[in-house]
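Participant: One structure follows; several queries about it will come next.
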Amino acid sequence: MGLAMALKIAGTSAAAMTFAAVLRPGAFRRVVRTIVAKAAGKPTYVPPPPGPAKVKVALCQLMVTADKEQNMKTAKAAIQKAASQGAALVVLPEMWNCPYSNDSFPTYAEDIDGGSSPSVAALSEAARSAGVTLVGGSIPERSGGKLYNTCCVFSKEGKMLAKHRKVHLFDIDIPGKITFKESLTLSPGDGPTVVDTDAGRLGVGICYDIRFPELAQIYGQRGVQLIVYPGAFNTTTGPVHWELLQKARAVDNQLYVAACSPARNPSSSYQAWGHSTVVGPFAEVLATTGHEEDIVYAELDYNQVLERRTNMPLSQQKRYDLYALLDKTG
């Protein structure tokens, strides 16, 4: 945005800006803040469409091995079991079809857009057969000469509703503990993913995405009722940050958060933390588990989102004259 346009938006003349800059530096800084706030604008809340008031969700904490065919069988069996227990929304973990390693991503990658993805085909059929909305964890995707960490969302008819590519790549180095750089093989996605389903309006993030509150804030502004994070935190950061971050994203935005991990495989080079968890809009843990293979169930009451936002109208109380979140993809 050019200066002239910014001044026009703020209703401020160039002469006034010059005068303030020279004679009153404090006033100048206030005018600049006003320009930025008005340029960004107070966000427009987009309410979700009419949908279910209550939804039963199942997080399938799967044991992942190097055998892709077996992983697909394990996933399909878990989806069917979750559906048999009354789940309308089923979630799989990050990288459920392959070991979590940079060596595995290129080998197990599939071409989703090109229609050459046995994992996506299996999930589509599993969602249709079970009659559930399915957040299909993530798999390595090959597209345009690049690799992505990709989550597909399916309707209960088996139709792919959305595809989220991990926005923030997991590049960390904690000396003596863990070093991992997804960017050695993977490329980042290009934006948020919001999808309306029979189980409510969902926002999708993958693992490291949960560390960035701005993404969750965008989801809150777009009327998301539940943010789903397939994720594979490790045994270094998991004990201290996994549940903490879920609670933070939930209470900051007054919505539900569900994070689904793989089970811990002792023979794997990467040790997943496990502890798949569902958190409510008041930061209450609704359901969780340990690190073994399991299915976690929770009842979501979307009326709680409205109630919490009525009790504490945080979005109406924000000081947009002092700060603003600019959604560049909205």
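Residues in the structure tokens are numbered from 1 in each chain, the chains being A, B, ... in the order shown, and ligands are numbered from 1 in the order shown.
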Could you pull the residues within 8 Å of Ser187 (chain A), counting only C-alpha atoms, minus those fewer than 3 positions along the same chain, as a VMD selection string?

Facilitator: chain A and resid 146 to 149 169 183

Participant: Give me, as a Markdown table, each residue of region 76-105 of chain A that comes within 12 Å of region 240-263 of chain A, together with its shortest interatomic pair and the distance in Å at one decimal, counting only C-alpha atoms, with rows ordered by chain and rising residue number.

Facilitator:
```
| residue | atom | partner | partner_atom | distance |
| --- | --- | --- | --- | --- |
| A:Leu89 | CA | A:Ala258 | CA | 11.0 |
| A:Val90 | CA | A:Cys260 | CA | 10.0 |
| A:Val91 | CA | A:Cys260 | CA | 6.8 |
| A:Leu92 | CA | A:Cys260 | CA | 6.3 |
| A:Pro93 | CA | A:Ser261 | CA | 4.8 |
| A:Glu94 | CA | A:Ser261 | CA | 6.5 |
| A:Met95 | CA | A:Pro262 | CA | 8.1 |
| A:Trp96 | CA | A:Pro262 | CA | 6.9 |
| A:Asn97 | CA | A:Pro262 | CA | 10.3 |
| A:Cys98 | CA | A:Pro262 | CA | 10.6 |
| A:Pro99 | CA | A:Pro262 | CA | 10.0 |
| A:Tyr100 | CA | A:Pro262 | CA | 9.7 |
```

Participant: From the set A:Met312, A:Ala199, A:Val135, A:Ala87, which residue has the shortest atom-to-atom contact distance to Pro52 (chain A), counting only C-alpha atoms?

Facilitator: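 Residue with the minimum atom-to-atom distance to Pro52 (chain A): A:Ala199.
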
Participant: So how many Å separate CA of His291 (chain A) and CA of Ala162 (chain A), to one decimal?

Facilitator: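 CA of Ala162 (chain A) lies 28.8 Å from CA of His291 (chain A).
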
Participant: What separation in Å, quoted to one decimal, exists between CA of Asp327 (chain A) and CA of Asp171 (chain A)?

Facilitator: 24.2 Å

Participant: Hey, can you check how far CA of Ile206 (chain A) sits from CA of Tyr219 (chain A)?

Facilitator: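 It comes out at 13.7 Å.
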
Participant: Please run DSSP on the backbone and report, as number ranges by chain, all residues within region 86-175 of chain A that come out as helix (DSSP H, G or I).

Facilitator: A: 104-108, 118-130

Participant: Write a file of the selected residues as a CSV table (one decimal), in the first residue's frame, keeping N, CA, C and O atoms.

Facilitator:
```csv
chain,number,residue,atom,x,y,z
A,104,SER,N,12.2,-41.0,4.8
A,104,SER,CA,10.9,-41.6,4.4
A,104,SER,C,10.0,-40.7,3.5
A,104,SER,O,9.4,-41.2,2.6
A,105,PHE,N,10.0,-39.4,3.7
A,105,PHE,CA,9.1,-38.6,3.0
A,105,PHE,C,9.2,-38.7,1.5
A,105,PHE,O,8.1,-38.9,0.8
A,106,PRO,N,10.4,-38.7,0.8
A,106,PRO,CA,10.4,-38.8,-0.6
A,106,PRO,C,10.0,-40.2,-1.1
A,106,PRO,O,9.3,-40.3,-2.1
A,107,THR,N,10.3,-41.2,-0.3
A,107,THR,CA,10.0,-42.6,-0.7
A,107,THR,C,8.5,-42.9,-0.6
A,107,THR,O,7.9,-43.6,-1.5
A,108,TYR,N,7.8,-42.3,0.4
A,108,TYR,CA,6.4,-42.6,0.6
A,108,TYR,C,5.5,-41.6,0.0
A,108,TYR,O,4.2,-41.7,0.0
A,118,PRO,N,-2.7,-43.9,-3.3
A,118,PRO,CA,-3.5,-45.0,-2.7
A,118,PRO,C,-4.0,-44.7,-1.3
A,118,PRO,O,-5.0,-45.1,-0.9
A,119,SER,N,-3.2,-43.8,-0.6
A,119,SER,CA,-3.6,-43.4,0.8
A,119,SER,C,-4.9,-42.6,0.8
A,119,SER,O,-5.8,-42.8,1.6
A,120,VAL,N,-4.9,-41.6,-0.1
A,120,VAL,CA,-6.1,-40.8,-0.3
A,120,VAL,C,-7.3,-41.6,-0.7
A,120,VAL,O,-8.4,-41.5,-0.2
A,121,ALA,N,-7.1,-42.5,-1.6
A,121,ALA,CA,-8.2,-43.4,-2.1
A,121,ALA,C,-8.7,-44.2,-0.9
A,121,ALA,O,-9.9,-44.4,-0.8
A,122,ALA,N,-7.8,-44.7,-0.1
A,122,ALA,CA,-8.2,-45.6,1.0
A,122,ALA,C,-9.0,-44.7,2.0
A,122,ALA,O,-10.0,-45.2,2.6
A,123,LEU,N,-8.6,-43.5,2.3
A,123,LEU,CA,-9.3,-42.7,3.2
A,123,LEU,C,-10.7,-42.3,2.7
A,123,LEU,O,-11.6,-42.2,3.5
A,124,SER,N,-10.7,-42.0,1.4
A,124,SER,CA,-12.0,-41.6,0.8
A,124,SER,C,-13.0,-42.7,1.0
A,124,SER,O,-14.2,-42.5,1.4
A,125,GLU,N,-12.6,-43.9,0.7
A,125,GLU,CA,-13.5,-45.1,0.8
A,125,GLU,C,-13.8,-45.4,2.3
A,125,GLU,O,-15.0,-45.7,2.6
A,126,ALA,N,-12.8,-45.2,3.2
A,126,ALA,CA,-13.1,-45.4,4.6
A,126,ALA,C,-14.1,-44.4,5.1
A,126,ALA,O,-15.0,-44.8,5.9
A,127,ALA,N,-14.0,-43.2,4.7
A,127,ALA,CA,-15.0,-42.2,5.2
A,127,ALA,C,-16.4,-42.5,4.7
A,127,ALA,O,-17.4,-42.4,5.4
A,128,ARG,N,-16.5,-42.9,3.4
A,128,ARG,CA,-17.8,-43.2,2.8
A,128,ARG,C,-18.4,-44.4,3.5
A,128,ARG,O,-19.5,-44.5,3.8
A,129,SER,N,-17.5,-45.5,3.6
A,129,SER,CA,-18.0,-46.7,4.2
A,129,SER,C,-18.5,-46.5,5.7
A,129,SER,O,-19.5,-47.1,6.1
A,130,ALA,N,-17.7,-45.7,6.4
A,130,ALA,CA,-18.1,-45.5,7.8
A,130,ALA,C,-19.1,-44.4,8.0
A,130,ALA,O,-19.7,-44.3,9.1
```

Participant: From the options A:Ser117, A:Thr133, A:Thr277, A:Thr237, which residue's atoms come nearest to Asp173 (chain A), counting only C-alpha atoms?

Facilitator: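 Using only C-alpha atoms, the shortest distance to Asp173 (chain A) belongs to A:Thr237.
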
Participant: Write out as number ranges by chain which residues come within 8 Å of Thr193 (chain A) when counting only C-alpha atoms, dropping same-chain ones fewer than 6 positions away.

Facilitator: A: 162-164, 203-205

Participant: I need the residues from that last selection saved to file as a compact mmCIF listing (two decimals), in the first residue's frame (with C-alpha atoms), if you can.

Facilitator:
```txt
# COMPACT_ATOMS: atom_id res chain seq x y z
CA ALA A 162 -10.13 -29.58 1.52
CA LYS A 163 -6.38 -30.05 1.44
CA HIS A 164 -4.05 -28.35 3.92
CA GLY A 203 -9.64 -25.12 10.71
CA VAL A 204 -6.65 -27.34 9.97
CA GLY A 205 -3.06 -27.07 11.15
```

Participant: For region 213-216 of chain A, find every residue with an atom within 8 Å (counting only C-alpha atoms), except residues of its own chain fewer than 4 positions away, and show them as a short mmCIF file (atom, residue, chain, number, x, y, z; two decimals) with C-alpha atoms, in the first residue's frame.

Facilitator:
```cif
data_model
loop_
_atom_site.label_atom_id
_atom_site.label_comp_id
_atom_site.auth_asym_id
_atom_site.auth_seq_id
_atom_site.Cartn_x
_atom_site.Cartn_y
_atom_site.Cartn_z
CA PRO A 192 -4.78 -21.40 6.16
CA ASP A 209 1.55 -24.94 12.97
CA GLY A 220 -11.16 -17.73 15.01
CA ILE A 227 -9.10 -26.42 15.04
CA ARG A 249 -4.90 -21.86 21.15
CA ASN A 253 -9.69 -17.95 20.47
CA LEU A 325 -3.84 -9.02 12.77
#
```

Participant: When DSSP is applied to the backbone of this structure, which of region 248-279 of chain A are assigned strand (DSSP E)? Write them out as a PyMOL selection string.

Facilitator: chain A and resi 256-260+277-279

Participant: Find the residue from A:Thr65, A:Cys60, A:Pro48, A:Asp113 that sits nearest to Pro266 (chain A); use only C-alpha atoms when measuring.

Facilitator: A:Thr65

Participant: Within 8 Å of region 294-301 of chain A, counting only C-alpha atoms, which residues qualify if same-chain residues fewer than 6 places away don't, as a PyMOL selection string?

Facilitator: chain A and resi 53-62+78+82+87+256+263+276-278+280+286-288
